[in-house]
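This is entry30.pdb (PDB, C-alpha atoms).
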ATOM      1  CA  MET G 227     -53.323   1.940  97.188
ATOM      2  CA  ILE G 228     -54.094   0.934  93.582
ATOM      3  CA  GLU G 229     -56.484   3.893  93.304
ATOM      4  CA  LEU G 230     -53.747   6.200  94.529
ATOM      5  CA  VAL G 231     -51.272   4.909  91.932
ATOM      6  CA  ALA G 232     -53.852   4.970  89.094
ATOM      7  CA  GLY G 233     -54.859   8.551  89.899
ATOM      8  CA  LYS G 234     -51.406   9.987  90.462
ATOM      9  CA  TYR G 235     -48.848   7.938  88.484
ATOM     10  CA  ASN G 236     -48.678  10.527  85.695
ATOM     11  CA  TYR G 237     -47.723  13.272  88.179
ATOM     12  CA  TRP G 238     -44.939  11.062  89.512
ATOM     13  CA  ILE G 239     -43.566  10.478  86.006
ATOM     14  CA  TYR G 240     -43.515  14.265  85.451
ATOM     15  CA  ILE G 241     -41.647  14.663  88.725
ATOM     16  CA  VAL G 242     -39.058  12.081  87.632
ATOM     17  CA  LEU G 243     -38.692  13.977  84.326
ATOM     18  CA  MET G 244     -38.341  17.256  86.199
ATOM     19  CA  MET G 245     -35.663  15.787  88.462
ATOM     20  CA  ILE G 246     -33.673  14.550  85.438
ATOM     21  CA  GLY G 247     -33.657  18.148  84.210
ATOM     22  CA  PHE G 248     -32.851  19.478  87.675
ATOM     23  CA  TYR G 249     -29.910  17.081  88.017
ATOM     24  CA  ALA G 250     -28.574  18.169  84.612
ATOM     25  CA  MET G 251     -28.870  21.821  85.659
ATOM     26  CA  ILE G 252     -26.900  21.474  88.895
ATOM     27  CA  ALA G 253     -24.503  18.576  88.227
ATOM     28  CA  LYS G 254     -23.405  18.870  84.580
ATOM     29  CA  GLU G 255     -20.396  21.075  83.909
ATOM     30  CA  ASN G 256     -21.160  21.639  80.229
ATOM     31  CA  LEU G 257     -23.290  24.745  79.696
ATOM     32  CA  ILE G 258     -25.199  23.260  76.743
ATOM     33  CA  LYS G 259     -26.119  20.326  78.983
ATOM     34  CA  LYS G 260     -27.454  22.806  81.529
ATOM     35  CA  VAL G 261     -29.655  24.387  78.839
ATOM     36  CA  ILE G 262     -30.906  20.914  77.881
ATOM     37  CA  GLY G 263     -31.676  20.362  81.565
ATOM     38  CA  ILE G 264     -33.671  23.609  81.727
ATOM     39  CA  ASN G 265     -35.642  22.520  78.664
ATOM     40  CA  ILE G 266     -36.478  19.140  80.208
ATOM     41  CA  PHE G 267     -37.476  20.831  83.476
ATOM     42  CA  GLN G 268     -39.801  23.190  81.618
ATOM     43  CA  ALA G 269     -41.282  20.333  79.590
ATOM     44  CA  ALA G 270     -42.131  18.548  82.846
ATOM     45  CA  VAL G 271     -43.919  21.664  84.139
ATOM     46  CA  PHE G 272     -45.913  21.943  80.889
ATOM     47  CA  LEU G 273     -46.900  18.270  81.090
ATOM     48  CA  PHE G 274     -48.000  18.778  84.685
ATOM     49  CA  TYR G 275     -50.235  21.733  83.821
ATOM     50  CA  VAL G 276     -51.773  20.247  80.685
ATOM     51  CA  SER G 277     -52.578  16.985  82.449
ATOM     52  CA  MET G 278     -54.422  19.000  85.114
ATOM     53  CA  ALA G 279     -56.671  20.313  82.330
ATOM     54  CA  LYS G 280     -57.925  16.827  81.440
ATOM     55  CA  VAL G 281     -61.466  15.936  82.398
ATOM     56  CA  THR G 282     -62.574  12.306  82.131
ATOM     57  CA  GLY G 283     -64.646  11.927  78.949
ATOM     58  CA  GLY G 284     -63.849  15.472  77.825
ATOM     59  CA  THR G 285     -63.109  16.438  74.231
ATOM     60  CA  ALA G 286     -60.697  19.045  72.895
ATOM     61  CA  PRO G 287     -61.825  22.574  73.913
ATOM     62  CA  ILE G 288     -63.247  23.476  70.499
ATOM     63  CA  GLU G 289     -66.980  23.950  70.049
ATOM     64  CA  TRP G 290     -68.579  20.807  68.687
ATOM     65  CA  HIS G 291     -72.269  19.876  68.647
ATOM     66  CA  GLU G 292     -71.666  16.301  69.858
ATOM     67  CA  ALA G 293     -69.526  17.271  72.824
ATOM     68  CA  HIS G 294     -70.951  17.029  76.338
ATOM     69  CA  VAL G 295     -67.826  17.749  78.377
ATOM     70  CA  TYR G 296     -64.877  19.866  77.326
ATOM     71  CA  ASP G 297     -61.357  19.833  78.724
ATOM     72  CA  ASN G 298     -60.284  22.935  80.611
ATOM     73  CA  PRO G 299     -58.964  25.474  78.051
ATOM     74  CA  LEU G 300     -57.171  27.712  80.565
ATOM     75  CA  PRO G 301     -54.040  25.559  81.235
ATOM     76  CA  HIS G 302     -53.694  25.014  77.487
ATOM     77  CA  ALA G 303     -53.649  28.764  76.842
ATOM     78  CA  LEU G 304     -51.160  29.334  79.683
ATOM     79  CA  MET G 305     -48.816  26.595  78.457
ATOM     80  CA  LEU G 306     -48.898  27.946  74.889
ATOM     81  CA  THR G 307     -47.426  31.139  76.321
ATOM     82  CA  GLY G 308     -45.015  29.097  78.427
ATOM     83  CA  ILE G 309     -43.600  27.121  75.489
ATOM     84  CA  VAL G 310     -42.878  30.271  73.507
ATOM     85  CA  VAL G 311     -41.234  31.949  76.505
ATOM     86  CA  SER G 312     -39.122  28.832  77.122
ATOM     87  CA  VAL G 313     -37.823  29.012  73.548
ATOM     88  CA  SER G 314     -36.949  32.707  74.080
ATOM     89  CA  THR G 315     -34.949  31.913  77.214
ATOM     90  CA  THR G 316     -33.197  29.048  75.394
ATOM     91  CA  ALA G 317     -32.226  31.425  72.587
ATOM     92  CA  VAL G 318     -30.737  33.974  75.022
ATOM     93  CA  ALA G 319     -28.935  31.220  76.971
ATOM     94  CA  LEU G 320     -27.393  29.799  73.792
ATOM     95  CA  ALA G 321     -26.318  33.277  72.633
ATOM     96  CA  LEU G 322     -24.625  33.777  76.025
ATOM     97  CA  ILE G 323     -22.895  30.400  75.668
ATOM     98  CA  ILE G 324     -21.564  31.387  72.234
ATOM     99  CA  ARG G 325     -20.156  34.586  73.769
ATOM    100  CA  ILE G 326     -18.646  32.689  76.703
ATOM    101  CA  TYR G 327     -17.059  30.205  74.320
ATOM    102  CA  GLY G 328     -15.640  33.095  72.314
ATOM    103  CA  ALA G 329     -14.122  34.666  75.433
ATOM    104  CA  TYR G 330     -12.847  31.533  77.235
ATOM    105  CA  GLY G 331     -12.441  28.923  74.508
ATOM    106  CA  THR G 332     -14.428  26.455  76.571
ATOM    107  CA  MET G 333     -17.987  25.917  77.760
ATOM    108  CA  GLU G 334     -17.234  23.716  80.758
ATOM    109  CA  GLU G 335     -18.177  25.500  83.959
ATOM    110  CA  ASP G 336     -15.222  24.196  86.008
ATOM    111  CA  ARG G 337     -12.706  25.240  83.320
ATOM    112  CA  ILE G 338     -14.244  28.730  83.181
ATOM    113  CA  LEU G 339     -13.947  29.039  86.967
ATOM    114  CA  GLU G 340     -10.329  27.849  86.813
ATOM    115  CA  ILE G 341      -9.522  30.437  84.147
ATOM    116  CA  ASN G 342     -11.240  33.139  86.227
ATOM    117  CA  GLU G 343      -9.226  32.182  89.334
ATOM    118  CA  GLY G 344      -6.042  32.241  87.276
ATOM    119  CA  ARG G 345      -6.900  35.729  86.010
ATOM    120  CA  ASP G 346      -7.557  36.993  89.534
ATOM    121  CA  MET G 347      -4.204  35.648  90.719
ATOM    122  CA  GLY G 348      -2.508  37.156  87.694
ATOM    123  CA  ASP G 349      -3.965  40.546  88.616
ATOM    124  CA  THR G 350      -2.762  40.372  92.227
ATOM    125  CA  LEU G 351       0.700  39.200  91.197
TER     126      LEU G 351
ATOM    127  CA  MET Y 200     -53.877   4.493  79.343
ATOM    128  CA  ALA Y 201     -51.259   1.889  78.396
ATOM    129  CA  LEU Y 202     -50.253   3.953  75.355
ATOM    130  CA  ASP Y 203     -49.920   7.097  77.457
ATOM    131  CA  LEU Y 204     -47.775   5.244  79.966
ATOM    132  CA  ILE Y 205     -45.503   3.926  77.192
ATOM    133  CA  LEU Y 206     -45.154   7.414  75.670
ATOM    134  CA  LEU Y 207     -44.320   8.931  79.056
ATOM    135  CA  ILE Y 208     -41.684   6.258  79.713
ATOM    136  CA  ILE Y 209     -40.169   6.897  76.252
ATOM    137  CA  ILE Y 210     -39.974  10.606  77.139
ATOM    138  CA  VAL Y 211     -38.215   9.874  80.422
ATOM    139  CA  ILE Y 212     -35.718   7.603  78.619
ATOM    140  CA  CYS Y 213     -35.131  10.250  75.906
ATOM    141  CA  ALA Y 214     -34.582  12.940  78.550
ATOM    142  CA  PHE Y 215     -32.128  10.743  80.440
ATOM    143  CA  ALA Y 216     -30.259   9.963  77.199
ATOM    144  CA  ALA Y 217     -30.138  13.664  76.243
ATOM    145  CA  VAL Y 218     -28.621  14.505  79.627
ATOM    146  CA  GLN Y 219     -26.077  11.659  79.661
ATOM    147  CA  MET Y 220     -24.797  11.738  76.041
ATOM    148  CA  ARG Y 221     -21.242  13.011  75.537
ATOM    149  CA  ASP Y 222     -21.926  14.077  71.935
ATOM    150  CA  LEU Y 223     -23.835  17.353  72.221
ATOM    151  CA  LEU Y 224     -25.273  17.204  68.693
ATOM    152  CA  SER Y 225     -26.843  13.823  69.466
ATOM    153  CA  ALA Y 226     -28.123  15.201  72.766
ATOM    154  CA  ALA Y 227     -29.786  18.144  70.960
ATOM    155  CA  LEU Y 228     -31.416  15.799  68.442
ATOM    156  CA  VAL Y 229     -32.656  13.427  71.158
ATOM    157  CA  LEU Y 230     -34.126  16.454  72.932
ATOM    158  CA  GLY Y 231     -35.934  17.329  69.682
ATOM    159  CA  ALA Y 232     -37.291  13.779  69.482
ATOM    160  CA  CYS Y 233     -38.400  14.131  73.105
ATOM    161  CA  SER Y 234     -40.345  17.297  72.170
ATOM    162  CA  LEU Y 235     -41.983  15.574  69.226
ATOM    163  CA  ILE Y 236     -43.190  12.667  71.392
ATOM    164  CA  MET Y 237     -44.436  15.298  73.829
ATOM    165  CA  ALA Y 238     -46.554  16.715  70.988
ATOM    166  CA  VAL Y 239     -48.110  13.253  70.580
ATOM    167  CA  ILE Y 240     -48.866  13.149  74.328
ATOM    168  CA  TRP Y 241     -50.524  16.546  74.072
ATOM    169  CA  THR Y 242     -52.721  15.331  71.260
ATOM    170  CA  ARG Y 243     -53.641  12.403  73.524
ATOM    171  CA  LEU Y 244     -54.495  14.906  76.280
ATOM    172  CA  ASN Y 245     -56.718  16.831  73.803
ATOM    173  CA  ALA Y 246     -54.444  19.874  73.952
ATOM    174  CA  VAL Y 247     -54.236  20.270  70.193
ATOM    175  CA  ASP Y 248     -53.083  23.916  70.200
ATOM    176  CA  VAL Y 249     -50.269  23.055  72.574
ATOM    177  CA  ALA Y 250     -49.332  20.085  70.388
ATOM    178  CA  PHE Y 251     -49.023  22.344  67.319
ATOM    179  CA  THR Y 252     -46.878  24.833  69.183
ATOM    180  CA  GLU Y 253     -44.676  22.128  70.664
ATOM    181  CA  ALA Y 254     -44.106  20.385  67.341
ATOM    182  CA  SER Y 255     -43.195  23.607  65.522
ATOM    183  CA  VAL Y 256     -41.566  25.735  68.229
ATOM    184  CA  GLY Y 257     -40.378  23.174  70.792
ATOM    185  CA  ALA Y 258     -39.166  20.419  68.467
ATOM    186  CA  GLY Y 259     -38.346  22.677  65.509
ATOM    187  CA  ILE Y 260     -36.930  26.021  66.595
ATOM    188  CA  THR Y 261     -35.226  24.792  69.781
ATOM    189  CA  THR Y 262     -33.374  22.088  67.840
ATOM    190  CA  VAL Y 263     -32.350  24.584  65.160
ATOM    191  CA  LEU Y 264     -31.100  27.015  67.819
ATOM    192  CA  MET Y 265     -29.140  24.246  69.556
ATOM    193  CA  ILE Y 266     -27.503  23.125  66.302
ATOM    194  CA  ALA Y 267     -26.703  26.735  65.414
ATOM    195  CA  ALA Y 268     -25.076  27.236  68.837
ATOM    196  CA  LEU Y 269     -23.097  23.981  68.504
ATOM    197  CA  SER Y 270     -21.858  24.985  65.046
ATOM    198  CA  ARG Y 271     -20.302  28.089  66.609
ATOM    199  CA  THR Y 272     -18.854  26.322  69.652
ATOM    200  CA  ARG Y 273     -17.857  22.662  69.819
ATOM    201  CA  ARG Y 274     -19.684  19.423  69.349
ATOM    202  CA  GLY Y 275     -18.257  17.231  72.104
ATOM    203  CA  GLU Y 276     -18.372  17.559  75.848
ATOM    204  CA  GLU Y 277     -14.860  18.353  77.088
ATOM    205  CA  GLY Y 278     -12.852  16.521  79.673
ATOM    206  CA  GLY Y 279     -14.894  13.343  79.888
ATOM    207  CA  GLU Y 280     -11.934  11.003  79.376
ATOM    208  CA  GLU Y 281      -9.596  13.207  81.358
ATOM    209  CA  ARG Y 282     -11.925  13.025  84.328
ATOM    210  CA  ASP Y 283     -12.036   9.272  83.969
ATOM    211  CA  MET Y 284      -8.215   9.244  83.974
ATOM    212  CA  GLY Y 285      -8.217  11.513  87.022
ATOM    213  CA  TRP Y 286      -9.660   8.512  88.770
ATOM    214  CA  VAL Y 287      -6.171   7.031  88.689
ATOM    215  CA  HIS Y 288      -3.938  10.103  88.883
ATOM    216  CA  ASP Y 289      -5.471  12.628  91.245
ATOM    217  CA  GLY Y 290      -7.183  10.912  94.153
ATOM    218  CA  ALA Y 291      -8.101  14.097  96.073
ATOM    219  CA  ALA Y 292      -9.724  15.899  93.128
ATOM    220  CA  ASN Y 293     -11.553  12.739  92.241
ATOM    221  CA  LYS Y 294     -12.869  12.323  95.767
ATOM    222  CA  ARG Y 295     -14.113  15.919  95.685
ATOM    223  CA  PHE Y 296     -15.801  15.232  92.352
ATOM    224  CA  ILE Y 297     -17.598  12.145  93.689
ATOM    225  CA  PHE Y 298     -18.564  13.911  96.933
ATOM    226  CA  ARG Y 299     -20.085  16.811  94.975
ATOM    227  CA  HIS Y 300     -22.113  14.472  92.795
ATOM    228  CA  ILE Y 301     -23.419  12.498  95.769
ATOM    229  CA  ALA Y 302     -24.438  15.764  97.465
ATOM    230  CA  MET Y 303     -26.289  16.872  94.318
ATOM    231  CA  LEU Y 304     -27.980  13.501  94.008
ATOM    232  CA  ILE Y 305     -29.203  13.837  97.602
ATOM    233  CA  VAL Y 306     -30.582  17.321  96.845
ATOM    234  CA  VAL Y 307     -32.387  15.965  93.782
ATOM    235  CA  LEU Y 308     -33.826  12.968  95.648
ATOM    236  CA  VAL Y 309     -35.030  15.117  98.570
ATOM    237  CA  THR Y 310     -36.717  17.538  96.154
ATOM    238  CA  MET Y 311     -38.331  14.585  94.411
ATOM    239  CA  GLY Y 312     -39.613  13.219  97.708
ATOM    240  CA  VAL Y 313     -41.108  16.571  98.692
ATOM    241  CA  LEU Y 314     -42.812  16.965  95.309
ATOM    242  CA  ILE Y 315     -44.251  13.442  95.407
ATOM    243  CA  TYR Y 316     -45.513  14.149  98.917
ATOM    244  CA  GLY Y 317     -47.117  17.292  97.456
ATOM    245  CA  THR Y 318     -49.019  15.310  94.813
ATOM    246  CA  MET Y 319     -50.847  13.373  97.550
ATOM    247  CA  ASP Y 320     -53.196  16.354  97.993
ATOM    248  CA  MET Y 321     -53.677  16.817  94.254
ATOM    249  CA  PRO Y 322     -56.991  15.856  92.626
ATOM    250  CA  ASP Y 323     -56.780  12.600  90.647
ATOM    251  CA  PHE Y 324     -56.024  12.686  86.932
ATOM    252  CA  GLY Y 325     -59.220  13.519  85.007
ATOM    253  CA  ASP Y 326     -61.268  14.385  88.101
ATOM    254  CA  PRO Y 327     -64.159  16.606  86.875
ATOM    255  CA  ASP Y 328     -64.539  18.256  90.305
ATOM    256  CA  ALA Y 329     -60.923  19.418  90.508
ATOM    257  CA  PRO Y 330     -60.596  23.076  91.607
ATOM    258  CA  ALA Y 331     -59.016  23.952  88.261
ATOM    259  CA  HIS Y 332     -62.323  23.234  86.483
ATOM    260  CA  THR Y 333     -64.764  24.889  88.862
ATOM    261  CA  HIS Y 334     -63.877  28.604  88.650
ATOM    262  CA  VAL Y 335     -63.195  30.662  85.516
ATOM    263  CA  ALA Y 336     -62.823  27.698  83.148
ATOM    264  CA  ARG Y 337     -66.577  27.037  83.165
ATOM    265  CA  ARG Y 338     -67.299  30.603  82.095
ATOM    266  CA  TYR Y 339     -64.758  30.390  79.265
ATOM    267  CA  ILE Y 340     -66.472  27.272  77.944
ATOM    268  CA  GLU Y 341     -70.059  28.516  78.313
ATOM    269  CA  LYS Y 342     -69.733  32.174  77.333
ATOM    270  CA  SER Y 343     -66.748  32.533  75.014
ATOM    271  CA  ARG Y 344     -68.779  31.820  71.861
ATOM    272  CA  GLU Y 345     -71.203  34.676  72.427
ATOM    273  CA  GLU Y 346     -68.663  37.020  74.037
ATOM    274  CA  THR Y 347     -65.808  36.657  71.546
ATOM    275  CA  GLY Y 348     -67.290  34.790  68.581
ATOM    276  CA  VAL Y 349     -64.422  32.280  68.513
ATOM    277  CA  LYS Y 350     -65.154  28.564  68.314
ATOM    278  CA  ASN Y 351     -61.823  27.515  69.779
ATOM    279  CA  PHE Y 352     -61.909  28.232  73.515
ATOM    280  CA  VAL Y 353     -58.117  28.185  73.805
ATOM    281  CA  THR Y 354     -57.836  30.918  71.181
ATOM    282  CA  ALA Y 355     -60.585  32.895  72.910
ATOM    283  CA  VAL Y 356     -58.719  32.737  76.231
ATOM    284  CA  LEU Y 357     -55.371  33.455  74.603
ATOM    285  CA  VAL Y 358     -56.235  36.508  72.533
ATOM    286  CA  SER Y 359     -59.340  37.875  74.210
ATOM    287  CA  TYR Y 360     -59.791  37.085  77.917
ATOM    288  CA  ARG Y 361     -56.073  36.976  78.623
ATOM    289  CA  GLY Y 362     -54.867  39.194  75.825
ATOM    290  CA  TYR Y 363     -52.515  41.026  78.188
ATOM    291  CA  ASP Y 364     -50.709  37.732  78.874
ATOM    292  CA  THR Y 365     -50.126  37.363  75.169
ATOM    293  CA  LEU Y 366     -48.952  40.965  74.969
ATOM    294  CA  GLY Y 367     -46.482  40.161  77.751
ATOM    295  CA  GLU Y 368     -45.405  37.057  75.861
ATOM    296  CA  THR Y 369     -44.638  39.043  72.717
ATOM    297  CA  THR Y 370     -42.704  41.514  74.882
ATOM    298  CA  VAL Y 371     -40.606  38.622  76.170
ATOM    299  CA  ILE Y 372     -39.946  37.363  72.636
ATOM    300  CA  PHE Y 373     -39.029  40.875  71.487
ATOM    301  CA  THR Y 374     -36.668  41.361  74.438
ATOM    302  CA  ALA Y 375     -35.096  37.954  73.822
ATOM    303  CA  GLY Y 376     -34.626  38.775  70.142
ATOM    304  CA  ILE Y 377     -32.921  42.081  70.967
ATOM    305  CA  ALA Y 378     -30.738  40.364  73.576
ATOM    306  CA  VAL Y 379     -29.614  37.689  71.107
ATOM    307  CA  VAL Y 380     -28.847  40.269  68.408
ATOM    308  CA  LEU Y 381     -26.865  42.446  70.841
ATOM    309  CA  LEU Y 382     -24.941  39.478  72.271
ATOM    310  CA  LEU Y 383     -23.949  38.066  68.914
ATOM    311  CA  ARG Y 384     -23.308  41.346  67.097
ATOM    312  CA  LYS Y 385     -20.373  42.386  69.287
ATOM    313  CA  GLN Y 386     -18.511  39.153  68.604
ATOM    314  CA  ARG Y 387     -18.182  39.883  64.901
ATOM    315  CA  ARG Y 388     -16.331  43.170  65.368
TER     316      ARG Y 388
END

Kindly return the structure encoded in the file as structure tokens.
Amino acid sequence: MIELVAGKYNYWIYIVLMMIGFYAMIAKENLIKKVIGINIFQAAVFLFYVSMAKVTGGTAPIEWHEAHVYDNPLPHALMLTGIVVSVSTTAVALALIIRIYGAYGTMEEDRILEINEGRDMGDTL
Amino acid sequence: MALDLILLIIIVICAFAAVQMRDLLSAALVLGACSLIMAVIWTRLNAVDVAFTEASVGAGITTVLMIAALSRTRRGEEGGEERDMGWVHDGAANKRFIFRHIAMLIVVLVTMGVLIYGTMDMPDFGDPDAPAHTHVARRYIEKSREETGVKNFVTAVLVSYRGYDTLGETTVIFTAGIAVVLLLRKQRR
């Protein structure tokens, strides 16, 4: 049991972090909060991958004459790409939020839906 | 190990605070702090390239983008107090609100349970025989010096072995840049 916790506790913390982001994405009405949730979710995924790259006793994956074991460089390279892509998606999401705020005067999801319903009813009347 | 655990717990607390804060500017700044602590964790995990990128791009540019977006919208979360007042005035709407949040909490907890169940089959942290280390990674470490001439294996993988990934990444950044420019240009007219 102790071995199980010692070997896996870091994965569980990443899962808790991911679920905080997930909850923000589905439960928060504010669109900025949803973007923050996406960012936290992505950070948890990056942590998960990079921790898989760790080898006990390994050094940073840069050639060094005293090193015997290196950490796995592949997840690091993949997550470098991932971080940059996550910033790109954040930028597009925030630009969309600015446009939505300009059109509706609010960035609360429930208010936007209310306004949309009102517009539909106005059209039918 | 104790230090790593403390850093991870600080990150979880920061993330929770960023999600729960009513003031969006504070939430954006706490998220930036969260990213910066993440850079420290990545240094602890020997992922120095990732740490650099996180500190500059994750903690820097994301925070700047958030603040720029908040400066063109509004700083506070709307309707917090009104919803609290709805507790007294509109019983039905309030009940719906609580029911929705309980349903979402159940979804989150079930997902968490499934993911934790999934980690039971994962190799332990730092296991040298994990499948991730036994396939291509070994070749990258042993051969990249003579095949690419780069001392940093991460750079060798990024720009040589998986150069097409990086090309795809720059395509994504380019597309995102065009999308942002197009979205924000129309507003000014």

Written as a VMD selection string, which residues does the PyMOL selection byres ((chain Y and resi 326) around 10) give for the file shown? (chain G and resid 233 278 to 282) or (chain Y and resid 322 to 325 327 to 332)

With the cut-off set at 7 Å and counting all atoms listed in the file, tabulate each residue of chain Y with an atom at most that distance from an atom of chain G, showing the nearest atom pair and its distance in Å to one decimal, ordered by chain and increasing number, as a tab-separated table.
residue	atom	partner	partner_atom	distance
Y:Val211	CA	G:Leu243	CA	5.7
Y:Ala214	CA	G:Ile266	CA	6.7
Y:Phe215	CA	G:Ile246	CA	6.5
Y:Val218	CA	G:Ala250	CA	6.2
Y:Leu244	CA	G:Lys280	CA	6.5
Y:Asn245	CA	G:Ala286	CA	4.6
Y:Ala246	CA	G:His302	CA	6.3
Y:Val249	CA	G:Leu306	CA	5.6
Y:Thr252	CA	G:Leu306	CA	6.8
Y:Gly257	CA	G:Ile309	CA	6.9
Y:Thr261	CA	G:Val313	CA	6.2
Y:Leu264	CA	G:Ala317	CA	6.6
Y:Ala268	CA	G:Leu320	CA	6.0
Y:Arg271	CA	G:Ile324	CA	6.6
Y:Thr272	CA	G:Ile324	CA	6.3
Y:Glu276	CA	G:Asn256	CA	6.6
Y:Glu277	CA	G:Glu334	CA	6.9
Y:His300	CA	G:Ala253	CA	6.6
Y:Met303	CA	G:Ala253	CA	6.6
Y:Val307	CA	G:Met245	CA	6.3
Y:Met311	CA	G:Ile241	CA	6.6
Y:Ile315	CA	G:Trp238	CA	6.4
Y:Asp323	CA	G:Gly233	CA	4.5
Y:Phe324	CA	G:Gly233	CA	5.2
Y:Gly325	CA	G:Val281	CA	4.2
Y:Asp326	CA	G:Val281	CA	5.9
Y:Pro327	CA	G:Val281	CA	5.3
Y:His332	CA	G:Asn298	CA	6.2
Y:Ala336	CA	G:Asn298	CA	6.0
Y:Lys350	CA	G:Glu289	CA	5.3
Y:Asn351	CA	G:Ile288	CA	4.3
Y:Phe352	CA	G:Pro287	CA	5.7
Y:Val353	CA	G:Pro299	CA	5.1
Y:Val356	CA	G:Ala303	CA	6.5
Y:Leu357	CA	G:Ala303	CA	5.5
Y:Thr365	CA	G:Thr307	CA	6.9
Y:Glu368	CA	G:Thr307	CA	6.3
Y:Val371	CA	G:Val311	CA	6.7
Y:Ile372	CA	G:Ser314	CA	5.7
Y:Ala375	CA	G:Ser314	CA	5.6
Y:Ala378	CA	G:Val318	CA	6.6
Y:Val379	CA	G:Val318	CA	5.5
Y:Leu382	CA	G:Ala321	CA	6.4
Y:Leu383	CA	G:Ala321	CA	6.5

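The space between CA of Thr347 (chain Y) and CA of Ala238 (chain Y) spans 27.7 Å.
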
Please determine an axis-aligned box that encloses all atoms of region 254-267 of chain G listed in the file, with 4 Å added on each side, and express its centre and edge lengths in Å to one decimal as lines of an AutoDock Vina configuration file.
center_x = -28.9
center_y = 21.8
center_z = 80.7
size_x = 25.1
size_y = 13.9
size_z = 15.8

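CA of Asn342 (chain G) to CA of Tyr330 (chain G) spans 9.3 Å [interatomic distance, one decimal].
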
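Taking CA of Arg299 (chain Y) and CA of Asp336 (chain G) as the two end points, the separation is 12.6 Å.
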
With N, CA, C and O atoms as the goal, would you fill in the gaps in region 302-313 of chain Y and present it as a PDB file, in the coordinates of the input?
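Done, and the output landed in out.pdb:
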ATOM      1  N   ALA Y 302     -23.672  14.697  96.818  1.00  0.00           N
ATOM      2  CA  ALA Y 302     -24.438  15.764  97.465  1.00  0.00           C
ATOM      3  C   ALA Y 302     -25.568  16.246  96.557  1.00  0.00           C
ATOM      4  O   ALA Y 302     -26.710  16.425  96.995  1.00  0.00           O
ATOM      5  N   MET Y 303     -25.255  16.419  95.252  1.00  0.00           N
ATOM      6  CA  MET Y 303     -26.289  16.872  94.318  1.00  0.00           C
ATOM      7  C   MET Y 303     -27.392  15.837  94.158  1.00  0.00           C
ATOM      8  O   MET Y 303     -28.563  16.182  94.067  1.00  0.00           O
ATOM      9  N   LEU Y 304     -26.988  14.566  94.136  1.00  0.00           N
ATOM     10  CA  LEU Y 304     -27.980  13.501  94.008  1.00  0.00           C
ATOM     11  C   LEU Y 304     -28.922  13.518  95.211  1.00  0.00           C
ATOM     12  O   LEU Y 304     -30.131  13.331  95.066  1.00  0.00           O
ATOM     13  N   ILE Y 305     -28.354  13.775  96.399  1.00  0.00           N
ATOM     14  CA  ILE Y 305     -29.203  13.837  97.602  1.00  0.00           C
ATOM     15  C   ILE Y 305     -30.186  14.999  97.482  1.00  0.00           C
ATOM     16  O   ILE Y 305     -31.384  14.851  97.754  1.00  0.00           O
ATOM     17  N   VAL Y 306     -29.693  16.163  97.023  1.00  0.00           N
ATOM     18  CA  VAL Y 306     -30.582  17.321  96.845  1.00  0.00           C
ATOM     19  C   VAL Y 306     -31.721  16.970  95.896  1.00  0.00           C
ATOM     20  O   VAL Y 306     -32.900  17.242  96.173  1.00  0.00           O
ATOM     21  N   VAL Y 307     -31.367  16.319  94.775  1.00  0.00           N
ATOM     22  CA  VAL Y 307     -32.387  15.965  93.782  1.00  0.00           C
ATOM     23  C   VAL Y 307     -33.401  14.996  94.376  1.00  0.00           C
ATOM     24  O   VAL Y 307     -34.617  15.170  94.207  1.00  0.00           O
ATOM     25  N   LEU Y 308     -32.905  13.970  95.109  1.00  0.00           N
ATOM     26  CA  LEU Y 308     -33.826  12.968  95.648  1.00  0.00           C
ATOM     27  C   LEU Y 308     -34.739  13.569  96.715  1.00  0.00           C
ATOM     28  O   LEU Y 308     -35.927  13.238  96.775  1.00  0.00           O
ATOM     29  N   VAL Y 309     -34.189  14.479  97.547  1.00  0.00           N
ATOM     30  CA  VAL Y 309     -35.030  15.117  98.570  1.00  0.00           C
ATOM     31  C   VAL Y 309     -36.113  15.960  97.907  1.00  0.00           C
ATOM     32  O   VAL Y 309     -37.296  15.901  98.282  1.00  0.00           O
ATOM     33  N   THR Y 310     -35.722  16.733  96.879  1.00  0.00           N
ATOM     34  CA  THR Y 310     -36.717  17.538  96.154  1.00  0.00           C
ATOM     35  C   THR Y 310     -37.802  16.647  95.572  1.00  0.00           C
ATOM     36  O   THR Y 310     -39.001  16.958  95.657  1.00  0.00           O
ATOM     37  N   MET Y 311     -37.373  15.510  94.999  1.00  0.00           N
ATOM     38  CA  MET Y 311     -38.331  14.585  94.411  1.00  0.00           C
ATOM     39  C   MET Y 311     -39.294  14.064  95.470  1.00  0.00           C
ATOM     40  O   MET Y 311     -40.510  14.007  95.242  1.00  0.00           O
ATOM     41  N   GLY Y 312     -38.759  13.712  96.637  1.00  0.00           N
ATOM     42  CA  GLY Y 312     -39.613  13.219  97.708  1.00  0.00           C
ATOM     43  C   GLY Y 312     -40.638  14.250  98.131  1.00  0.00           C
ATOM     44  O   GLY Y 312     -41.824  13.944  98.289  1.00  0.00           O
ATOM     45  N   VAL Y 313     -40.189  15.501  98.273  1.00  0.00           N
ATOM     46  CA  VAL Y 313     -41.108  16.571  98.692  1.00  0.00           C
ATOM     47  C   VAL Y 313     -42.196  16.764  97.647  1.00  0.00           C
ATOM     48  O   VAL Y 313     -43.388  16.902  97.982  1.00  0.00           O
TER      49      VAL Y 313
END
